[in-house]
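Novice: Coordinates in final_24.pdb, PDB, C-alpha atoms, are listed below.
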ATOM      1  CA  MET A   1      16.327 -19.526 -18.133
ATOM      2  CA  ALA A   2      16.940 -19.342 -14.398
ATOM      3  CA  ARG A   3      15.837 -20.987 -11.191
ATOM      4  CA  ILE A   4      13.797 -18.479  -9.190
ATOM      5  CA  GLY A   5      12.516 -18.723  -5.657
ATOM      6  CA  PHE A   6       9.178 -16.966  -5.143
ATOM      7  CA  ILE A   7       7.813 -16.349  -1.648
ATOM      8  CA  GLY A   8       4.329 -14.887  -1.182
ATOM      9  CA  LEU A   9       1.624 -16.045  -3.599
ATOM     10  CA  GLY A  10      -1.281 -13.770  -2.711
ATOM     11  CA  ASN A  11      -3.421 -11.737  -5.095
ATOM     12  CA  MET A  12      -0.357 -10.050  -6.572
ATOM     13  CA  GLY A  13       2.352 -12.651  -6.064
ATOM     14  CA  GLY A  14       0.379 -15.478  -7.624
ATOM     15  CA  GLY A  15       0.112 -13.744 -10.978
ATOM     16  CA  MET A  16       3.717 -12.565 -10.847
ATOM     17  CA  ALA A  17       5.055 -16.065 -10.182
ATOM     18  CA  ALA A  18       2.873 -17.450 -12.967
ATOM     19  CA  ASN A  19       4.396 -14.996 -15.450
ATOM     20  CA  LEU A  20       7.914 -16.002 -14.468
ATOM     21  CA  ALA A  21       6.978 -19.633 -15.101
ATOM     22  CA  LYS A  22       5.338 -18.653 -18.395
ATOM     23  CA  ALA A  23       8.623 -17.011 -19.418
ATOM     24  CA  GLY A  24      10.321 -20.383 -18.999
ATOM     25  CA  HIS A  25      11.924 -19.990 -15.582
ATOM     26  CA  ASP A  26      12.097 -22.818 -13.036
ATOM     27  CA  VAL A  27       9.993 -21.224 -10.284
ATOM     28  CA  ARG A  28      10.124 -22.772  -6.807
ATOM     29  CA  ALA A  29       7.162 -21.229  -4.976
ATOM     30  CA  PHE A  30       6.228 -21.006  -1.296
ATOM     31  CA  ASP A  31       3.263 -19.598   0.589
ATOM     32  CA  LEU A  32       1.605 -20.444   3.895
ATOM     33  CA  SER A  33      -1.681 -21.005   2.040
ATOM     34  CA  GLY A  34      -2.250 -24.451   0.558
ATOM     35  CA  ASP A  35      -4.764 -23.008  -1.891
ATOM     36  CA  ALA A  36      -2.197 -20.482  -3.114
ATOM     37  CA  LEU A  37       0.349 -23.255  -3.617
ATOM     38  CA  ALA A  38      -2.184 -25.282  -5.591
ATOM     39  CA  ARG A  39      -2.906 -22.316  -7.859
ATOM     40  CA  ALA A  40       0.818 -21.759  -8.352
ATOM     41  CA  LYS A  41       1.291 -25.401  -9.333
ATOM     42  CA  ALA A  42      -1.509 -25.082 -11.899
ATOM     43  CA  THR A  43       0.353 -22.181 -13.541
ATOM     44  CA  GLY A  44       3.640 -24.058 -13.882
ATOM     45  CA  CYS A  45       5.414 -23.335 -10.597
ATOM     46  CA  LEU A  46       6.834 -26.030  -8.333
ATOM     47  CA  PRO A  47       5.417 -25.749  -4.777
ATOM     48  CA  VAL A  48       7.973 -26.286  -2.004
ATOM     49  CA  ALA A  49       7.741 -26.823   1.740
ATOM     50  CA  ASP A  50       9.281 -23.602   3.039
ATOM     51  CA  ALA A  51      11.034 -20.354   2.137
ATOM     52  CA  ALA A  52      14.514 -21.833   2.519
ATOM     53  CA  GLU A  53      13.762 -24.580   0.026
ATOM     54  CA  ALA A  54      12.456 -21.996  -2.436
ATOM     55  CA  ALA A  55      15.744 -20.088  -2.151
ATOM     56  CA  GLU A  56      18.152 -23.029  -2.418
ATOM     57  CA  GLY A  57      20.039 -22.991  -5.726
ATOM     58  CA  ALA A  58      18.110 -19.959  -7.011
ATOM     59  CA  GLN A  59      19.692 -17.260  -9.152
ATOM     60  CA  ALA A  60      17.000 -14.848  -7.914
ATOM     61  CA  VAL A  61      14.572 -14.836  -5.003
ATOM     62  CA  VAL A  62      11.426 -12.727  -5.208
ATOM     63  CA  THR A  63       9.438 -11.851  -2.086
ATOM     64  CA  MET A  64       5.910 -10.405  -2.117
ATOM     65  CA  LEU A  65       4.870 -10.093   1.521
ATOM     66  CA  PRO A  66       2.415  -7.996   3.576
ATOM     67  CA  ALA A  67       4.761  -5.777   5.612
ATOM     68  CA  GLY A  68       8.332  -4.895   6.463
ATOM     69  CA  ALA A  69       8.391  -7.138   9.523
ATOM     70  CA  HIS A  70       7.622 -10.165   7.344
ATOM     71  CA  VAL A  71      10.361  -9.273   4.857
ATOM     72  CA  ALA A  72      12.968  -8.779   7.573
ATOM     73  CA  GLN A  73      12.017 -12.064   9.234
ATOM     74  CA  ILE A  74      12.107 -14.117   6.019
ATOM     75  CA  TYR A  75      15.469 -12.645   5.036
ATOM     76  CA  ALA A  76      17.016 -13.287   8.465
ATOM     77  CA  ASP A  77      15.427 -16.651   9.258
ATOM     78  CA  ALA A  78      15.493 -18.327   5.845
ATOM     79  CA  LEU A  79      17.027 -16.541   2.866
ATOM     80  CA  PHE A  80      20.450 -15.462   4.097
ATOM     81  CA  ASP A  81      21.403 -19.012   5.081
ATOM     82  CA  ALA A  82      19.828 -20.680   2.052
ATOM     83  CA  VAL A  83      20.738 -18.623  -1.027
ATOM     84  CA  ASP A  84      23.924 -18.945  -3.041
ATOM     85  CA  THR A  85      26.344 -16.001  -2.906
ATOM     86  CA  GLY A  86      25.623 -15.042  -6.509
ATOM     87  CA  ALA A  87      21.865 -14.710  -6.039
ATOM     88  CA  VAL A  88      19.972 -11.431  -6.273
ATOM     89  CA  LEU A  89      17.213 -10.760  -3.728
ATOM     90  CA  ILE A  90      14.214  -8.897  -5.150
ATOM     91  CA  ASP A  91      11.652  -7.639  -2.656
ATOM     92  CA  CYS A  92       8.457  -6.546  -4.408
ATOM     93  CA  SER A  93       6.526  -5.937  -1.189
ATOM     94  CA  THR A  94       5.401  -2.436  -0.258
ATOM     95  CA  ILE A  95       7.217  -1.671   2.999
ATOM     96  CA  ASP A  96       8.830   1.230   4.833
ATOM     97  CA  VAL A  97      12.019   2.765   3.479
ATOM     98  CA  ASP A  98      14.055   2.068   6.622
ATOM     99  CA  THR A  99      13.375  -1.675   6.528
ATOM    100  CA  ALA A 100      14.157  -1.805   2.809
ATOM    101  CA  ARG A 101      17.536  -0.213   3.471
ATOM    102  CA  GLN A 102      18.259  -2.394   6.491
ATOM    103  CA  VAL A 103      17.616  -5.708   4.728
ATOM    104  CA  ALA A 104      19.667  -4.563   1.734
ATOM    105  CA  GLU A 105      22.583  -3.674   4.015
ATOM    106  CA  ALA A 106      22.290  -7.035   5.750
ATOM    107  CA  ALA A 107      22.306  -8.722   2.331
ATOM    108  CA  ARG A 108      25.474  -6.866   1.328
ATOM    109  CA  ALA A 109      27.121  -8.036   4.554
ATOM    110  CA  LYS A 110      26.375 -11.591   3.401
ATOM    111  CA  GLY A 111      27.876 -10.949  -0.035
ATOM    112  CA  LEU A 112      24.467 -10.736  -1.721
ATOM    113  CA  GLN A 113      22.880  -8.167  -4.015
ATOM    114  CA  ALA A 114      19.404  -6.898  -3.087
ATOM    115  CA  VAL A 115      16.839  -4.492  -4.511
ATOM    116  CA  ASP A 116      13.515  -3.136  -3.349
ATOM    117  CA  ALA A 117      11.112  -3.282  -6.302
ATOM    118  CA  PRO A 118       7.539  -2.390  -5.290
ATOM    119  CA  VAL A 119       4.912  -2.459  -8.001
ATOM    120  CA  SER A 120       2.109  -0.400  -9.470
ATOM    121  CA  GLY A 121      -0.759  -1.729 -11.542
ATOM    122  CA  GLY A 122      -2.917  -3.940  -9.333
ATOM    123  CA  ILE A 123      -4.107  -7.525  -9.664
ATOM    124  CA  ALA A 124      -5.074  -7.304 -13.341
ATOM    125  CA  ALA A 125      -1.610  -6.029 -14.281
ATOM    126  CA  ALA A 126       0.047  -8.688 -12.110
ATOM    127  CA  ASN A 127      -1.866 -11.392 -13.950
ATOM    128  CA  ALA A 128      -1.175  -9.835 -17.351
ATOM    129  CA  GLY A 129       2.539  -9.238 -16.752
ATOM    130  CA  ALA A 130       1.978  -5.489 -17.136
ATOM    131  CA  LEU A 131       3.203  -4.122 -13.816
ATOM    132  CA  THR A 132       5.435  -1.097 -13.315
ATOM    133  CA  PHE A 133       8.431  -1.748 -11.035
ATOM    134  CA  MET A 134      10.137   1.092  -9.134
ATOM    135  CA  VAL A 135      13.535  -0.262  -8.175
ATOM    136  CA  GLY A 136      15.960   0.809  -5.477
ATOM    137  CA  GLY A 137      19.460  -0.631  -5.419
ATOM    138  CA  SER A 138      22.974  -0.320  -6.766
ATOM    139  CA  PRO A 139      23.408  -0.174 -10.568
ATOM    140  CA  ALA A 140      24.904  -3.669 -10.458
ATOM    141  CA  ALA A 141      22.016  -5.100  -8.423
ATOM    142  CA  PHE A 142      19.489  -3.383 -10.703
ATOM    143  CA  ALA A 143      21.170  -4.901 -13.758
ATOM    144  CA  ARG A 144      20.891  -8.353 -12.170
ATOM    145  CA  ALA A 145      17.240  -7.934 -11.180
ATOM    146  CA  ALA A 146      15.900  -6.142 -14.266
ATOM    147  CA  PRO A 147      15.617  -9.172 -16.609
ATOM    148  CA  PHE A 148      13.445 -11.021 -14.099
ATOM    149  CA  LEU A 149      11.295  -7.964 -13.435
ATOM    150  CA  LYS A 150      10.781  -7.452 -17.176
ATOM    151  CA  ASP A 151       9.223 -10.912 -17.350
ATOM    152  CA  MET A 152       6.551  -9.662 -14.932
ATOM    153  CA  GLY A 153       6.031  -6.082 -16.057
ATOM    154  CA  LYS A 154       5.756  -3.468 -18.775
ATOM    155  CA  ALA A 155       8.105  -0.938 -17.160
ATOM    156  CA  VAL A 156      11.166  -1.391 -14.929
ATOM    157  CA  ILE A 157      12.591   1.905 -13.665
ATOM    158  CA  HIS A 158      15.720   2.372 -11.565
ATOM    159  CA  ALA A 159      14.724   4.919  -8.897
ATOM    160  CA  GLY A 160      18.093   5.149  -7.126
ATOM    161  CA  ALA A 161      19.829   3.546  -4.158
ATOM    162  CA  ASN A 162      18.205   0.984  -1.854
ATOM    163  CA  GLY A 163      14.994   2.390  -0.433
ATOM    164  CA  ALA A 164      14.342   4.654  -3.428
ATOM    165  CA  GLY A 165      11.888   2.177  -4.916
ATOM    166  CA  GLN A 166       9.813   2.264  -1.738
ATOM    167  CA  ALA A 167      10.030   6.068  -1.627
ATOM    168  CA  ALA A 168       8.712   6.270  -5.192
ATOM    169  CA  LYS A 169       5.902   3.828  -4.439
ATOM    170  CA  MET A 170       4.648   5.656  -1.353
ATOM    171  CA  CYS A 171       4.788   9.064  -3.060
ATOM    172  CA  ASN A 172       2.955   7.672  -6.091
ATOM    173  CA  ASN A 173       0.242   6.036  -3.993
ATOM    174  CA  MET A 174      -0.189   9.086  -1.785
ATOM    175  CA  LEU A 175      -0.894  11.032  -4.977
ATOM    176  CA  LEU A 176      -3.247   8.305  -6.181
ATOM    177  CA  GLY A 177      -5.168   8.174  -2.892
ATOM    178  CA  ALA A 178      -5.654  11.939  -2.766
ATOM    179  CA  SER A 179      -6.547  12.249  -6.459
ATOM    180  CA  MET A 180      -9.095   9.426  -6.236
ATOM    181  CA  ILE A 181     -10.888  11.204  -3.390
ATOM    182  CA  ALA A 182     -10.909  14.444  -5.386
ATOM    183  CA  THR A 183     -12.242  12.576  -8.432
ATOM    184  CA  CYS A 184     -14.997  11.004  -6.334
ATOM    185  CA  GLU A 185     -15.893  14.411  -4.869
ATOM    186  CA  ALA A 186     -16.151  15.908  -8.340
ATOM    187  CA  PHE A 187     -18.463  13.179  -9.645
ATOM    188  CA  ALA A 188     -20.611  13.345  -6.504
ATOM    189  CA  LEU A 189     -20.910  17.132  -6.819
ATOM    190  CA  ALA A 190     -21.732  16.897 -10.530
ATOM    191  CA  GLU A 191     -24.477  14.407  -9.688
ATOM    192  CA  LYS A 192     -25.966  16.668  -7.003
ATOM    193  CA  LEU A 193     -25.901  19.587  -9.441
ATOM    194  CA  GLY A 194     -27.868  17.558 -11.976
ATOM    195  CA  LEU A 195     -24.981  17.025 -14.398
ATOM    196  CA  ASP A 196     -24.953  13.633 -16.107
ATOM    197  CA  ALA A 197     -21.900  11.563 -15.110
ATOM    198  CA  GLN A 198     -21.041  10.579 -18.686
ATOM    199  CA  THR A 199     -21.346  14.179 -19.829
ATOM    200  CA  PHE A 200     -19.076  15.343 -17.002
ATOM    201  CA  TYR A 201     -16.571  12.622 -17.917
ATOM    202  CA  ASP A 202     -16.641  13.621 -21.592
ATOM    203  CA  ILE A 203     -15.856  17.208 -20.633
ATOM    204  CA  SER A 204     -13.368  16.768 -17.799
ATOM    205  CA  SER A 205     -11.447  13.899 -19.416
ATOM    206  CA  VAL A 206     -10.309  16.305 -22.150
ATOM    207  CA  SER A 207      -9.971  19.332 -19.875
ATOM    208  CA  SER A 208      -7.656  20.452 -17.102
ATOM    209  CA  GLY A 209      -9.286  18.169 -14.535
ATOM    210  CA  GLN A 210      -8.195  15.039 -16.394
ATOM    211  CA  CYS A 211      -6.307  12.506 -14.257
ATOM    212  CA  TRP A 212      -5.646   8.763 -14.105
ATOM    213  CA  SER A 213      -8.276   8.275 -11.398
ATOM    214  CA  MET A 214     -10.873   9.572 -13.847
ATOM    215  CA  THR A 215      -9.857   8.264 -17.250
ATOM    216  CA  SER A 216      -8.348   4.885 -16.324
ATOM    217  CA  TYR A 217     -10.095   4.028 -13.043
ATOM    218  CA  CYS A 218     -13.363   5.952 -13.042
ATOM    219  CA  PRO A 219     -15.283   5.467  -9.758
ATOM    220  CA  VAL A 220     -18.665   5.638 -11.551
ATOM    221  CA  ALA A 221     -20.188   2.513 -13.122
ATOM    222  CA  GLY A 222     -20.714   2.595 -16.868
ATOM    223  CA  VAL A 223     -18.412   5.566 -17.429
ATOM    224  CA  GLY A 224     -15.019   5.221 -19.111
ATOM    225  CA  PRO A 225     -13.129   1.905 -19.336
ATOM    226  CA  GLU A 226     -14.324  -1.011 -17.222
ATOM    227  CA  THR A 227     -13.231  -0.604 -13.596
ATOM    228  CA  PRO A 228     -14.147  -2.092 -10.204
ATOM    229  CA  ALA A 229     -17.039   0.417 -10.105
ATOM    230  CA  ASP A 230     -18.681  -1.753 -12.786
ATOM    231  CA  ARG A 231     -18.354  -4.782 -10.489
ATOM    232  CA  GLY A 232     -19.808  -3.301  -7.318
ATOM    233  CA  PHE A 233     -16.321  -2.149  -6.247
ATOM    234  CA  GLN A 234     -15.136  -5.736  -5.895
ATOM    235  CA  GLY A 235     -11.616  -6.771  -6.905
ATOM    236  CA  GLY A 236      -9.050  -4.169  -7.846
ATOM    237  CA  PHE A 237      -7.049  -2.441  -5.097
ATOM    238  CA  ALA A 238      -8.520  -2.945  -1.635
ATOM    239  CA  ALA A 239      -9.109   0.128   0.520
ATOM    240  CA  ALA A 240      -7.125  -1.515   3.331
ATOM    241  CA  LEU A 241      -4.077  -1.649   1.066
ATOM    242  CA  MET A 242      -4.479   1.988   0.073
ATOM    243  CA  LEU A 243      -4.682   2.871   3.777
ATOM    244  CA  LYS A 244      -1.511   0.863   4.432
ATOM    245  CA  ASP A 245       0.336   2.781   1.704
ATOM    246  CA  LEU A 246      -0.937   6.144   2.941
ATOM    247  CA  ARG A 247       0.176   5.351   6.475
ATOM    248  CA  LEU A 248       3.626   4.416   5.193
ATOM    249  CA  ALA A 249       3.734   7.751   3.389
ATOM    250  CA  MET A 250       2.692   9.613   6.537
ATOM    251  CA  GLN A 251       5.352   7.759   8.542
ATOM    252  CA  ALA A 252       7.981   8.707   5.971
ATOM    253  CA  ALA A 253       6.758  12.300   5.853
ATOM    254  CA  ALA A 254       7.065  12.607   9.627
ATOM    255  CA  GLY A 255      10.608  11.246   9.518
ATOM    256  CA  ALA A 256      11.603  13.572   6.685
ATOM    257  CA  GLY A 257       9.895  16.656   8.095
ATOM    258  CA  ALA A 258       7.671  16.933   4.991
ATOM    259  CA  ASP A 259       4.311  18.726   5.075
ATOM    260  CA  THR A 260       1.659  16.523   3.401
ATOM    261  CA  PRO A 261      -1.781  17.874   4.381
ATOM    262  CA  MET A 262      -3.642  16.317   1.448
ATOM    263  CA  GLY A 263      -1.985  12.949   2.048
ATOM    264  CA  ALA A 264      -2.850  13.156   5.732
ATOM    265  CA  ARG A 265      -6.491  13.957   4.978
ATOM    266  CA  ALA A 266      -6.677  11.092   2.470
ATOM    267  CA  ALA A 267      -5.319   8.737   5.148
ATOM    268  CA  GLU A 268      -7.999   9.940   7.597
ATOM    269  CA  LEU A 269     -10.803   9.389   5.084
ATOM    270  CA  TYR A 270      -9.599   5.921   4.080
ATOM    271  CA  ALA A 271      -9.170   4.982   7.759
ATOM    272  CA  ARG A 272     -12.814   5.866   8.340
ATOM    273  CA  PHE A 273     -13.853   3.960   5.196
ATOM    274  CA  VAL A 274     -11.998   0.846   6.355
ATOM    275  CA  GLU A 275     -13.321   1.131   9.913
ATOM    276  CA  ASP A 276     -16.858   1.262   8.506
ATOM    277  CA  GLY A 277     -16.408  -2.255   7.105
ATOM    278  CA  HIS A 278     -14.975  -1.573   3.645
ATOM    279  CA  ALA A 279     -11.466  -2.974   4.058
ATOM    280  CA  ALA A 280     -11.913  -5.346   1.095
ATOM    281  CA  THR A 281     -13.804  -2.829  -1.059
ATOM    282  CA  ASP A 282     -11.886  -1.288  -3.948
ATOM    283  CA  PHE A 283     -10.432   2.052  -2.907
ATOM    284  CA  SER A 284     -12.548   3.880  -5.528
ATOM    285  CA  GLY A 285     -15.603   2.737  -3.582
ATOM    286  CA  ILE A 286     -15.005   5.657  -1.229
ATOM    287  CA  ILE A 287     -17.333   7.555  -3.582
ATOM    288  CA  GLN A 288     -20.182   5.808  -1.778
ATOM    289  CA  THR A 289     -19.449   7.890   1.331
ATOM    290  CA  LEU A 290     -19.770  11.124  -0.656
ATOM    291  CA  ARG A 291     -23.106  10.522  -2.334
TER     292      ARG A 291
END
Take the structure in the file and write it out as structure tokens.
Specialist:
Amino acid sequence: MARIGFIGLGNMGGGMAANLAKAGHDVRAFDLSGDALARAKATGCLPVADAAEAAEGAQAVVTMLPAGAHVAQIYADALFDAVDTGAVLIDCSTIDVDTARQVAEAARAKGLQAVDAPVSGGIAAANAGALTFMVGGSPAAFARAAPFLKDMGKAVIHAGANGAGQAAKMCNNMLLGASMIATCEAFALAEKLGLDAQTFYDISSVSSGQCWSMTSYCPVAGVGPETPADRGFQGGFAAALMLKDLRLAMQAAAGAGADTPMGARAAELYARFVEDGHAATDFSGIIQTLR
């Protein structure tokens, strides 16, 4: 087992760090929140005073932070001077492709291996160790990072060079955001046409309209597997986070000269949803604006 530094113990990071500890690793954990540190300690992690202390002597350092600016700052101000040369840096945050590539290049200049490894699956999967990791980095860096990622997830996929993991994540979540809105529209229309929601689900879930947003994350309470819709749209994947991912996708699309009209419209609708006070509401709760 290895010593692992873990920085960022929020809704996702807390469960991920706990699974590394459960796998037998010596996890040195840091977060600005005292409550998060206390929860990490209760799951077998060792809380430390700062990011540099978490990184000292670690074979791997995992970061799970809100945005690219935070990742770049932690790498420059704490990690590069604290980690051993043989360590692998694993950033699981969802950030822009350019920052992911820049921090990886800076790591290489320091003689370190680094990967971007954003996740899919949400809080429940983070807690259950069932995340999907999309990994960008060299084959050698991926080989170093993969065993640690497997202790936190069900699937670890090498997407390509540094930045490819972030590219895969933003494309995936753009598709998810747009398909969830379409799913919500379909259920709202079925309701207005007098079609029972369960009956529509039974038909569409085995027809050409079937999609993950319907069969695994249905936005209607009491239909399909249990989802945030059954809990008043609490928990799950916050609309503010979906908006963040859509904006990253739109930023990338602009830089690449890609035409993404459905992604752009999804970003507009989620921006309005968040502005109306639903930042913490699960992203499937956007159905409430269509009823």
Novice: Between A:Glu268, A:Asp116, A:Glu226, A:Asp151, which has the minimum distance to Met242 (chain A) (counting all atoms listed in the file)?
Specialist: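 Answer, going by the shortest atom-to-atom distance: A:Glu268.
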Novice: On this structure, the PyMOL selection byres ((chain A and resi 6) around 7) would catch which residues? List them as an NGL selection string, sorted by chain and number.
Specialist: :A and (4-5 or 7-8 or 17 or 27-30 or 54 or 61-63)
Novice: Excluding Ile74 (chain A) and residues on its chain fewer than 3 positions from it, collect all residues at most 10 Å away from it, counting all atoms listed in the file, and give them as a count of residues only.
Specialist: 13
Novice: Figure out the distance between CA of Ala252 (chain A) and CA of Ala267 (chain A), please, to one decimal in Å.
Specialist: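 For CA of Ala267 (chain A) relative to CA of Ala252 (chain A), the distance reads 13.3 Å.
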Novice: Which residues would end up in the selection if the PyMOL selection byres ((chain A and resi 134-148) around 7) were applied here, given that I need the answer as a list in words?
Specialist: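 Expected selection for the PyMOL selection byres ((chain A and resi 134-148) around 7) here is Val88, Ile90, Gln113, Ala114, Val115, Asp116, Ala117, Pro118, Val119, Thr132, Phe133, Leu149, Lys150, Asp151, Val156, Ile157, His158, Ala159, Gly160, Ala161, Asn162, Gly163, Ala164, Gly165, Ala168 and Lys169 of chain A.
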Novice: Using only C-alpha atoms, please write the residues we just selected to a file, as a short mmCIF file (atom, residue, chain, number, x, y, z; two decimals), in the coordinates of the input.
Specialist:
data_model
loop_
_atom_site.label_atom_id
_atom_site.label_comp_id
_atom_site.auth_asym_id
_atom_site.auth_seq_id
_atom_site.Cartn_x
_atom_site.Cartn_y
_atom_site.Cartn_z
CA VAL A 88 19.97 -11.43 -6.27
CA ILE A 90 14.21 -8.90 -5.15
CA GLN A 113 22.88 -8.17 -4.01
CA ALA A 114 19.40 -6.90 -3.09
CA VAL A 115 16.84 -4.49 -4.51
CA ASP A 116 13.52 -3.14 -3.35
CA ALA A 117 11.11 -3.28 -6.30
CA PRO A 118 7.54 -2.39 -5.29
CA VAL A 119 4.91 -2.46 -8.00
CA THR A 132 5.44 -1.10 -13.32
CA PHE A 133 8.43 -1.75 -11.04
CA LEU A 149 11.30 -7.96 -13.44
CA LYS A 150 10.78 -7.45 -17.18
CA ASP A 151 9.22 -10.91 -17.35
CA VAL A 156 11.17 -1.39 -14.93
CA ILE A 157 12.59 1.90 -13.66
CA HIS A 158 15.72 2.37 -11.56
CA ALA A 159 14.72 4.92 -8.90
CA GLY A 160 18.09 5.15 -7.13
CA ALA A 161 19.83 3.55 -4.16
CA ASN A 162 18.20 0.98 -1.85
CA GLY A 163 14.99 2.39 -0.43
CA ALA A 164 14.34 4.65 -3.43
CA GLY A 165 11.89 2.18 -4.92
CA ALA A 168 8.71 6.27 -5.19
CA LYS A 169 5.90 3.83 -4.44
#
Novice: Around the point (-5.6, 12.5, 3.2) (coordinates from the file), which residues reach within 12 Å if we count all atoms listed in the file? Answer as an MDAnalysis selection string.
Specialist: chainID A and resid 173:182 242:243 245:247 249:250 259:272
Novice: Selection from above, C-alpha atoms, as a PDB file, in the frame of the given file, can you write it?
Specialist:
ATOM      1  CA  ASN A 173       0.242   6.036  -3.993  1.00  0.00           C
ATOM      2  CA  MET A 174      -0.189   9.086  -1.785  1.00  0.00           C
ATOM      3  CA  LEU A 175      -0.894  11.032  -4.977  1.00  0.00           C
ATOM      4  CA  LEU A 176      -3.247   8.305  -6.181  1.00  0.00           C
ATOM      5  CA  GLY A 177      -5.168   8.174  -2.892  1.00  0.00           C
ATOM      6  CA  ALA A 178      -5.654  11.939  -2.766  1.00  0.00           C
ATOM      7  CA  SER A 179      -6.547  12.249  -6.459  1.00  0.00           C
ATOM      8  CA  MET A 180      -9.095   9.426  -6.236  1.00  0.00           C
ATOM      9  CA  ILE A 181     -10.888  11.204  -3.390  1.00  0.00           C
ATOM     10  CA  ALA A 182     -10.909  14.444  -5.386  1.00  0.00           C
ATOM     11  CA  MET A 242      -4.479   1.988   0.073  1.00  0.00           C
ATOM     12  CA  LEU A 243      -4.682   2.871   3.777  1.00  0.00           C
ATOM     13  CA  ASP A 245       0.336   2.781   1.704  1.00  0.00           C
ATOM     14  CA  LEU A 246      -0.937   6.144   2.941  1.00  0.00           C
ATOM     15  CA  ARG A 247       0.176   5.351   6.475  1.00  0.00           C
ATOM     16  CA  ALA A 249       3.734   7.751   3.389  1.00  0.00           C
ATOM     17  CA  MET A 250       2.692   9.613   6.537  1.00  0.00           C
ATOM     18  CA  ASP A 259       4.311  18.726   5.075  1.00  0.00           C
ATOM     19  CA  THR A 260       1.659  16.523   3.401  1.00  0.00           C
ATOM     20  CA  PRO A 261      -1.781  17.874   4.381  1.00  0.00           C
ATOM     21  CA  MET A 262      -3.642  16.317   1.448  1.00  0.00           C
ATOM     22  CA  GLY A 263      -1.985  12.949   2.048  1.00  0.00           C
ATOM     23  CA  ALA A 264      -2.850  13.156   5.732  1.00  0.00           C
ATOM     24  CA  ARG A 265      -6.491  13.957   4.978  1.00  0.00           C
ATOM     25  CA  ALA A 266      -6.677  11.092   2.470  1.00  0.00           C
ATOM     26  CA  ALA A 267      -5.319   8.737   5.148  1.00  0.00           C
ATOM     27  CA  GLU A 268      -7.999   9.940   7.597  1.00  0.00           C
ATOM     28  CA  LEU A 269     -10.803   9.389   5.084  1.00  0.00           C
ATOM     29  CA  TYR A 270      -9.599   5.921   4.080  1.00  0.00           C
ATOM     30  CA  ALA A 271      -9.170   4.982   7.759  1.00  0.00           C
ATOM     31  CA  ARG A 272     -12.814   5.866   8.340  1.00  0.00           C
TER      32      ARG A 272
END
Novice: Residue by residue, what does the PyMOL selection byres ((chain A and resi 286) around 10) grab here? Present the result as a list of chain:residue names.
Specialist: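 Selection result, ordered by chain and number: A:Met180, A:Ile181, A:Cys184, A:Glu185, A:Pro219, A:Phe233, A:Ala239, A:Leu269, A:Tyr270, A:Arg272, A:Phe273, A:Val274, A:His278, A:Thr281, A:Asp282, A:Phe283, A:Ser284, A:Gly285, A:Ile287, A:Gln288, A:Thr289, A:Leu290, A:Arg291.
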Novice: Could you jot down the CA of Gln166 (chain A) to CA of Gly257 (chain A) separation for me, Å, one decimal place?
Specialist: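 Value for the CA of Gln166 (chain A)-CA of Gly257 (chain A) distance: 17.4 Å.
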Novice: Give the answer as one residue: which of A:Ala76, A:Ala240, A:Ala130, A:Ala125 has the shortest atom-to-atom distance to Lys110 (chain A), using all atoms listed in the file?
Specialist: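 Closest candidate: A:Ala76.
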